[in-house]
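Colleague: Next comes start-v2.cif, mmCIF, C-alpha atoms:
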data_query
#
loop_
_atom_site.group_PDB
_atom_site.id
_atom_site.type_symbol
_atom_site.label_atom_id
_atom_site.label_comp_id
_atom_site.auth_asym_id
_atom_site.auth_seq_id
_atom_site.Cartn_x
_atom_site.Cartn_y
_atom_site.Cartn_z
ATOM 1 C CA MET A 1 46.490 78.290 -16.577
ATOM 2 C CA ILE A 2 48.238 81.531 -15.629
ATOM 3 C CA ILE A 3 49.595 82.080 -19.133
ATOM 4 C CA ALA A 4 46.315 80.991 -20.716
ATOM 5 C CA ARG A 5 44.335 83.431 -18.599
ATOM 6 C CA GLN A 6 46.657 86.300 -19.542
ATOM 7 C CA LYS A 7 46.678 85.452 -23.246
ATOM 8 C CA ARG A 8 42.870 85.117 -23.255
ATOM 9 C CA LYS A 9 42.608 88.718 -22.012
ATOM 10 C CA GLU A 10 45.226 90.142 -24.362
ATOM 11 C CA ASN A 11 45.145 88.251 -27.672
ATOM 12 C CA ILE A 12 42.619 85.580 -28.599
ATOM 13 C CA VAL A 13 44.794 84.206 -31.408
ATOM 14 C CA GLU A 14 47.800 83.747 -29.115
ATOM 15 C CA TYR A 15 45.477 82.159 -26.559
ATOM 16 C CA LEU A 16 44.178 79.632 -29.055
ATOM 17 C CA ILE A 17 47.653 78.717 -30.296
ATOM 18 C CA TYR A 18 48.798 78.388 -26.673
ATOM 19 C CA MET A 19 45.859 76.100 -25.890
ATOM 20 C CA TRP A 20 46.715 73.927 -28.895
ATOM 21 C CA GLN A 21 50.218 73.664 -27.471
ATOM 22 C CA VAL A 22 48.814 72.686 -24.061
ATOM 23 C CA GLU A 23 46.708 69.973 -25.705
ATOM 24 C CA ASP A 24 49.847 68.628 -27.385
ATOM 25 C CA MET A 25 51.824 68.806 -24.131
ATOM 26 C CA ILE A 26 49.128 66.771 -22.395
ATOM 27 C CA ARG A 27 49.351 64.213 -25.196
ATOM 28 C CA ALA A 28 53.164 64.166 -24.924
ATOM 29 C CA CYS A 29 52.775 63.493 -21.194
ATOM 30 C CA HIS A 30 50.442 60.570 -21.998
ATOM 31 C CA PHE A 31 47.602 62.166 -20.004
ATOM 32 C CA SER A 32 49.578 61.406 -16.854
ATOM 33 C CA MET A 33 49.350 63.942 -14.037
ATOM 34 C CA ASP A 34 52.650 62.575 -12.698
ATOM 35 C CA GLU A 35 54.382 63.477 -15.973
ATOM 36 C CA ILE A 36 52.630 66.839 -16.153
ATOM 37 C CA GLU A 37 53.723 67.500 -12.581
ATOM 38 C CA SER A 38 57.373 66.668 -13.231
ATOM 39 C CA ARG A 39 57.676 68.244 -16.704
ATOM 40 C CA ILE A 40 55.458 71.295 -16.401
ATOM 41 C CA ILE A 41 54.048 72.200 -13.010
ATOM 42 C CA SER A 42 57.319 71.708 -11.140
ATOM 43 C CA GLN A 43 58.845 74.424 -13.351
ATOM 44 C CA TYR A 44 56.502 77.073 -11.969
ATOM 45 C CA ASP A 45 57.914 79.248 -9.214
ATOM 46 C CA ARG A 46 54.557 79.811 -7.559
ATOM 47 C CA PRO A 47 53.031 79.296 -4.117
ATOM 48 C CA GLU A 48 51.572 75.855 -3.482
ATOM 49 C CA ASP A 49 47.960 77.097 -3.634
ATOM 50 C CA VAL A 50 48.584 78.449 -7.152
ATOM 51 C CA LYS A 51 50.252 75.181 -8.172
ATOM 52 C CA GLN A 52 47.181 73.361 -6.862
ATOM 53 C CA ASP A 53 44.983 75.503 -9.129
ATOM 54 C CA ILE A 54 47.280 74.685 -12.056
ATOM 55 C CA ARG A 55 47.025 70.959 -11.287
ATOM 56 C CA GLN A 56 43.256 71.214 -11.209
ATOM 57 C CA TRP A 57 43.261 73.070 -14.551
ATOM 58 C CA TYR A 58 45.329 70.308 -16.169
ATOM 59 C CA ARG A 59 43.065 67.620 -14.667
ATOM 60 C CA GLU A 60 40.024 69.358 -16.128
ATOM 61 C CA LEU A 61 41.662 69.654 -19.545
ATOM 62 C CA ILE A 62 42.599 65.963 -19.444
ATOM 63 C CA ASP A 63 39.005 65.073 -18.591
ATOM 64 C CA MET A 64 37.685 67.242 -21.423
ATOM 65 C CA MET A 65 40.085 65.702 -23.914
ATOM 66 C CA ARG A 66 39.079 62.184 -22.872
ATOM 67 C CA ILE A 67 35.352 62.873 -22.832
ATOM 68 C CA GLU A 68 35.467 64.705 -26.168
ATOM 69 C CA GLY A 69 37.586 62.018 -27.834
ATOM 70 C CA VAL A 70 40.559 64.183 -28.765
ATOM 71 C CA MET A 71 43.255 62.153 -27.099
ATOM 72 C CA GLU A 72 45.240 61.564 -30.283
ATOM 73 C CA GLN A 73 44.358 64.633 -32.335
ATOM 74 C CA GLY A 74 41.898 67.464 -32.583
ATOM 75 C CA HIS A 75 40.854 70.129 -30.145
ATOM 76 C CA ILE A 76 38.526 70.399 -27.196
ATOM 77 C CA ARG A 77 35.157 72.051 -27.707
ATOM 78 C CA ILE A 78 36.077 75.312 -25.944
ATOM 79 C CA ASN A 79 38.908 75.799 -28.428
ATOM 80 C CA ILE A 80 36.709 74.879 -31.370
ATOM 81 C CA ASN A 81 34.124 77.403 -30.169
ATOM 82 C CA ILE A 82 36.733 80.170 -30.188
ATOM 83 C CA LEU A 83 37.843 79.139 -33.673
ATOM 84 C CA THR A 84 34.204 79.276 -34.773
ATOM 85 C CA GLU A 85 33.835 82.778 -33.288
ATOM 86 C CA LEU A 86 36.979 83.955 -35.052
ATOM 87 C CA THR A 87 35.810 82.445 -38.336
ATOM 88 C CA GLY A 88 32.453 84.195 -38.020
ATOM 89 C CA LEU A 89 34.151 87.505 -37.276
ATOM 90 C CA HIS A 90 36.487 86.963 -40.246
ATOM 91 C CA LEU A 91 33.520 86.465 -42.572
ATOM 92 C CA ARG A 92 31.683 89.506 -41.196
ATOM 93 C CA LEU A 93 34.772 91.664 -41.634
ATOM 94 C CA LEU A 94 35.123 90.530 -45.233
ATOM 95 C CA LYS A 95 31.499 91.434 -45.942
ATOM 96 C CA SER A 96 31.683 94.818 -44.222
ATOM 97 C CA PRO A 97 32.217 97.734 -46.612
ATOM 98 C CA GLN A 98 33.822 99.718 -43.758
ATOM 99 C CA GLU A 99 36.572 97.140 -43.177
ATOM 100 C CA THR A 100 38.782 97.873 -46.178
ATOM 101 C CA VAL A 101 42.026 97.288 -44.242
ATOM 102 C CA TYR A 102 41.010 93.771 -43.283
ATOM 103 C CA GLY A 103 39.895 93.016 -46.834
ATOM 104 C CA SER A 104 43.223 94.224 -48.150
ATOM 105 C CA LEU A 105 45.153 92.102 -45.646
ATOM 106 C CA TYR A 106 43.003 89.097 -46.513
ATOM 107 C CA TYR A 107 43.471 89.347 -50.273
ATOM 108 C CA LYS A 108 47.208 89.801 -49.821
ATOM 109 C CA THR A 109 47.256 86.647 -47.655
ATOM 110 C CA LEU A 110 44.861 84.551 -49.741
ATOM 111 C CA PRO A 111 47.521 83.011 -52.045
ATOM 112 C CA ALA A 112 49.413 81.715 -48.988
ATOM 113 C CA ILE A 113 46.193 80.295 -47.525
ATOM 114 C CA VAL A 114 45.333 78.537 -50.782
ATOM 115 C CA GLN A 115 48.848 77.125 -51.045
ATOM 116 C CA LEU A 116 48.798 75.872 -47.451
ATOM 117 C CA ARG A 117 45.428 74.214 -47.949
ATOM 118 C CA SER A 118 46.575 72.394 -51.045
ATOM 119 C CA LYS A 119 49.810 71.248 -49.345
ATOM 120 C CA SER A 120 47.931 69.989 -46.300
ATOM 121 C CA GLY A 121 45.433 68.005 -48.338
ATOM 122 C CA ARG A 122 42.663 69.345 -46.107
ATOM 123 C CA GLU A 123 40.727 71.455 -48.581
ATOM 124 C CA GLU A 124 37.719 71.512 -46.237
ATOM 125 C CA MET A 125 39.682 73.330 -43.534
ATOM 126 C CA GLY A 126 38.472 76.886 -43.025
ATOM 127 C CA GLU A 127 40.698 79.842 -43.794
ATOM 128 C CA ILE A 128 41.222 80.936 -40.203
ATOM 129 C CA GLU A 129 41.964 77.387 -39.063
ATOM 130 C CA THR A 130 44.428 77.100 -41.951
ATOM 131 C CA CYS A 131 46.129 80.303 -40.803
ATOM 132 C CA LEU A 132 46.291 79.179 -37.170
ATOM 133 C CA THR A 133 47.597 75.757 -38.169
ATOM 134 C CA ALA A 134 50.292 77.424 -40.280
ATOM 135 C CA ILE A 135 51.404 79.636 -37.390
ATOM 136 C CA TYR A 136 51.411 76.670 -35.011
ATOM 137 C CA GLY A 137 53.432 74.572 -37.457
ATOM 138 C CA TYR A 138 55.882 77.415 -38.001
ATOM 139 C CA LEU A 139 56.398 77.792 -34.251
ATOM 140 C CA MET A 140 56.988 74.053 -33.893
ATOM 141 C CA LEU A 141 59.595 74.158 -36.682
ATOM 142 C CA LYS A 142 61.363 77.018 -34.918
ATOM 143 C CA VAL A 143 61.343 75.163 -31.589
ATOM 144 C CA GLN A 144 62.843 72.128 -33.321
ATOM 145 C CA GLY A 145 65.534 74.292 -34.916
ATOM 146 C CA LYS A 146 64.480 73.349 -38.445
ATOM 147 C CA GLU A 147 65.381 75.490 -41.429
ATOM 148 C CA ILE A 148 62.535 77.669 -42.670
ATOM 149 C CA SER A 149 62.501 79.000 -46.222
ATOM 150 C CA ALA A 150 62.205 82.698 -47.023
ATOM 151 C CA GLU A 151 58.967 81.950 -48.885
ATOM 152 C CA THR A 152 57.476 80.284 -45.801
ATOM 153 C CA THR A 153 58.630 83.121 -43.564
ATOM 154 C CA GLU A 154 57.011 85.665 -45.885
ATOM 155 C CA GLY A 155 53.737 83.724 -45.967
ATOM 156 C CA ILE A 156 53.743 83.406 -42.183
ATOM 157 C CA GLN A 157 54.300 87.156 -41.848
ATOM 158 C CA GLN A 158 51.272 87.860 -44.038
ATOM 159 C CA ILE A 159 49.187 85.383 -42.059
ATOM 160 C CA SER A 160 50.402 86.925 -38.800
ATOM 161 C CA ASN A 161 49.334 90.379 -39.954
ATOM 162 C CA LEU A 162 45.866 89.108 -40.839
ATOM 163 C CA LEU A 163 45.462 87.249 -37.543
ATOM 164 C CA ALA A 164 46.787 90.209 -35.539
ATOM 165 C CA PHE A 165 44.146 92.469 -37.073
ATOM 166 C CA LEU A 166 41.438 89.867 -36.458
ATOM 167 C CA ALA A 167 42.549 89.444 -32.829
ATOM 168 C CA ALA A 168 42.542 93.206 -32.285
ATOM 169 C CA VAL A 169 39.003 93.524 -33.606
ATOM 170 C CA PHE A 170 37.933 90.587 -31.421
ATOM 171 C CA GLN A 171 39.501 92.138 -28.312
ATOM 172 C CA GLU A 172 37.855 95.498 -29.054
ATOM 173 C CA GLY A 173 34.523 93.735 -29.161
ATOM 174 C CA ARG A 174 33.784 95.042 -32.660
ATOM 175 C CA TYR A 175 31.694 92.239 -34.047
ATOM 176 C CA VAL A 176 30.662 94.176 -37.150
#
Written as structure tokens, how would this file's structure read?

Modeller:
Amino acid sequence: MIIARQKRKENIVEYLIYMWQVEDMIRACHFSMDEIESRIISQYDRPEDVKQDIRQWYRELIDMMRIEGVMEQGHIRININILTELTGLHLRLLKSPQETVYGSLYYKTLPAIVQLRSKSGREEMGEIETCLTAIYGYLMLKVQGKEISAETTEGIQQISNLLAFLAAVFQEGRYV
């Protein structure tokens, strides 16, 4: 909750990736508040009233995930809404004649996006979701200590540059 709130203010892309991680942590804890308490909340060095707010935040996320049917996979509606906003902004930036930097970043990144889509077998996945999924997967590989090829690292860097620009425009409130 504390980290999510901060990331939401500073970088919408980091916020969304963080929220995907939280969804996966809830799944890993089997939607059990006891497990979330022992694995996550107990690690916070915060006053009890703040920990109580964190508990409530996790309870609400668990409820949303159950109600929205994303207990095994997928994302809660609030996260999907942000992805939809980012996708809309992405498309507006591409259409805007004033946004040449974004267009350049996009066309430099497009081969990596196409390659990732074909590897995933999810051709219907939007470009921004593909980019976010790639970053999330890359971070999970790093956490697991897996070897990452130079080609993958280069593609992730291009995707990161594109998403960083998109996040900056979002935070500025420039909705073209």

Colleague: Expressed in Å to a single decimal, how great is the separation between atom CA of Glu23 of chain A and atom CA of Asp45 of chain A?

Modeller: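 Separating atom CA of Glu23 of chain A from atom CA of Asp45 of chain A is a distance of 22.0 Å.
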
Colleague: Report as a PyMOL selection string the full result of the PyMOL selection byres ((chain A and resi 12) around 12) when it is applied to this structure.

Modeller: chain A and resi 4-11+13-19+79+81-83+85-86+132+163-173

Colleague: Rank A:Ser149, A:Thr109, A:Ser32, A:Thr133 by their smallest atom-to-atom distance to Leu162 of chain A, using all atoms listed in the file, and report the top residue only.

Modeller: A:Thr109

Colleague: Taking only C-alpha atoms into account, which of A:Gln158, A:Met64, A:Val22, A:Ile3 comes nearest Ser104 of chain A?

Modeller: A:Gln158

Colleague: Taking all atoms listed in the file into account, which of A:Ile67, A:Met125, A:Leu116, A:Leu110 comes nearest Thr84 of chain A?

Modeller: A:Met125

Colleague: Can you tell me how far atom CA of Gln157 of chain A sits from atom CA of Gly88 of chain A, in Å to one decimal?

Modeller: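 Atom CA of Gly88 of chain A lies at a distance of 22.4 Å from atom CA of Gln157 of chain A.
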
Colleague: Please, what distance in Å, to one decimal, runs between atom CA of Ile2 of chain A and atom CA of Glu37 of chain A?

Modeller: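 That distance, rounded to one decimal, is 15.4 Å.
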
Colleague: Kindly provide, as a list in words, the polymer residues lying within 12 Å of (37.4, 65.6, -24.9), counting all atoms listed in the file and using the coordinates exactly as they appear in the file.

Modeller: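 Returned residue set, sorted by chain then number, is Glu23, Phe31, Arg59, Glu60, Leu61, Ile62, Asp63, Met64, Met65, Arg66, Ile67, Glu68, Gly69, Val70, Met71, Glu72, Gln73, Gly74, His75, Ile76, Arg77, Ile78, Asn79 and Ile80 of chain A.
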
Colleague: Closest to Tyr138 of chain A among A:Ser160, A:Gln115, A:Gln56, A:Gln43, using only C-alpha atoms?

Modeller: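 Closest candidate: A:Ser160.
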
Colleague: Identify, on the basis of all atoms listed in the file, every residue whose closest approach to Ala134 of chain A does not exceed 10 Å; exclude the query and any residue fewer than 4 positions from it along the same chain; express the result as a VMD selection string.

Modeller: chain A and resid 112 to 113 116 to 117 120 128 to 130 138 to 140 152 155 to 156 159 to 160

Colleague: I'd like the neighbourhood of Glu35 of chain A as a list in words, where a residue qualifies if any of its atoms comes within 12 Å (using all atoms listed in the file), though same-chain residues fewer than 6 positions away should be ignored.

Modeller: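 Once the nearby chain positions are removed, what remains is Met25, Ile26, Arg27, Ala28, Cys29, Ile41, Ser42, Arg55 and Tyr58 of chain A.
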
Colleague: Taking all atoms of segment 107-118 of chain A that the file lists and extending 8 Å past them on each side, where is the centre of the axis-aligned box and how long are its edges? Answer in Å to one decimal, as lines of an AutoDock Vina configuration file.

Modeller:
center_x = 46.4
center_y = 81.1
center_z = -49.7
size_x = 21.9
size_y = 33.4
size_z = 20.6

Colleague: Would you be able to write out as a list in words which residues have an atom within 12 Å of (32.4, 86.9, -42.7) in the file's coordinates, counting only C-alpha atoms?

Modeller: Thr84, Glu85, Leu86, Thr87, Gly88, Leu89, His90, Leu91, Arg92, Leu93, Leu94, Lys95, Ser96, Pro97, Glu99, Tyr102, Gly103, Tyr106, Gly126, Glu127, Ile128, Leu166, Tyr175 and Val176 of chain A

Colleague: Would you mind putting back N, CA, C and O atoms on segment 145-156 of chain A, then writing it out as a PDB file, keeping the file's coordinate frame?

Modeller:
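See selection35.pdb below for the written result:
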ATOM      1  N   GLY A 145      64.311  73.818 -34.276  1.00  0.00           N
ATOM      2  CA  GLY A 145      65.534  74.292 -34.916  1.00  0.00           C
ATOM      3  C   GLY A 145      65.626  73.952 -36.387  1.00  0.00           C
ATOM      4  O   GLY A 145      66.719  73.936 -36.969  1.00  0.00           O
ATOM      5  N   LYS A 146      64.493  73.705 -37.024  1.00  0.00           N
ATOM      6  CA  LYS A 146      64.480  73.349 -38.445  1.00  0.00           C
ATOM      7  C   LYS A 146      64.640  74.600 -39.304  1.00  0.00           C
ATOM      8  O   LYS A 146      64.258  75.698 -38.917  1.00  0.00           O
ATOM      9  N   GLU A 147      65.202  74.387 -40.490  1.00  0.00           N
ATOM     10  CA  GLU A 147      65.381  75.490 -41.429  1.00  0.00           C
ATOM     11  C   GLU A 147      64.025  75.862 -42.027  1.00  0.00           C
ATOM     12  O   GLU A 147      63.223  74.990 -42.380  1.00  0.00           O
ATOM     13  N   ILE A 148      63.798  77.168 -42.134  1.00  0.00           N
ATOM     14  CA  ILE A 148      62.535  77.669 -42.670  1.00  0.00           C
ATOM     15  C   ILE A 148      62.861  78.554 -43.866  1.00  0.00           C
ATOM     16  O   ILE A 148      63.674  79.477 -43.769  1.00  0.00           O
ATOM     17  N   SER A 149      62.204  78.260 -44.988  1.00  0.00           N
ATOM     18  CA  SER A 149      62.501  79.000 -46.222  1.00  0.00           C
ATOM     19  C   SER A 149      62.017  80.447 -46.127  1.00  0.00           C
ATOM     20  O   SER A 149      61.120  80.773 -45.343  1.00  0.00           O
ATOM     21  N   ALA A 150      62.598  81.279 -46.954  1.00  0.00           N
ATOM     22  CA  ALA A 150      62.205  82.698 -47.023  1.00  0.00           C
ATOM     23  C   ALA A 150      60.755  82.814 -47.470  1.00  0.00           C
ATOM     24  O   ALA A 150      60.009  83.669 -46.976  1.00  0.00           O
ATOM     25  N   GLU A 151      60.345  81.942 -48.392  1.00  0.00           N
ATOM     26  CA  GLU A 151      58.967  81.950 -48.885  1.00  0.00           C
ATOM     27  C   GLU A 151      57.988  81.642 -47.744  1.00  0.00           C
ATOM     28  O   GLU A 151      56.959  82.304 -47.597  1.00  0.00           O
ATOM     29  N   THR A 152      58.324  80.640 -46.931  1.00  0.00           N
ATOM     30  CA  THR A 152      57.476  80.284 -45.801  1.00  0.00           C
ATOM     31  C   THR A 152      57.426  81.428 -44.797  1.00  0.00           C
ATOM     32  O   THR A 152      56.355  81.789 -44.309  1.00  0.00           O
ATOM     33  N   THR A 153      58.568  82.012 -44.512  1.00  0.00           N
ATOM     34  CA  THR A 153      58.630  83.121 -43.564  1.00  0.00           C
ATOM     35  C   THR A 153      57.775  84.286 -44.044  1.00  0.00           C
ATOM     36  O   THR A 153      57.050  84.907 -43.252  1.00  0.00           O
ATOM     37  N   GLU A 154      57.824  84.577 -45.326  1.00  0.00           N
ATOM     38  CA  GLU A 154      57.011  85.665 -45.885  1.00  0.00           C
ATOM     39  C   GLU A 154      55.516  85.355 -45.765  1.00  0.00           C
ATOM     40  O   GLU A 154      54.720  86.212 -45.376  1.00  0.00           O
ATOM     41  N   GLY A 155      55.142  84.127 -46.088  1.00  0.00           N
ATOM     42  CA  GLY A 155      53.737  83.724 -45.967  1.00  0.00           C
ATOM     43  C   GLY A 155      53.257  83.792 -44.527  1.00  0.00           C
ATOM     44  O   GLY A 155      52.145  84.263 -44.256  1.00  0.00           O
ATOM     45  N   ILE A 156      54.094  83.367 -43.601  1.00  0.00           N
ATOM     46  CA  ILE A 156      53.743  83.406 -42.183  1.00  0.00           C
ATOM     47  C   ILE A 156      53.588  84.847 -41.714  1.00  0.00           C
ATOM     48  O   ILE A 156      52.691  85.157 -40.920  1.00  0.00           O
TER      49      ILE A 156
END
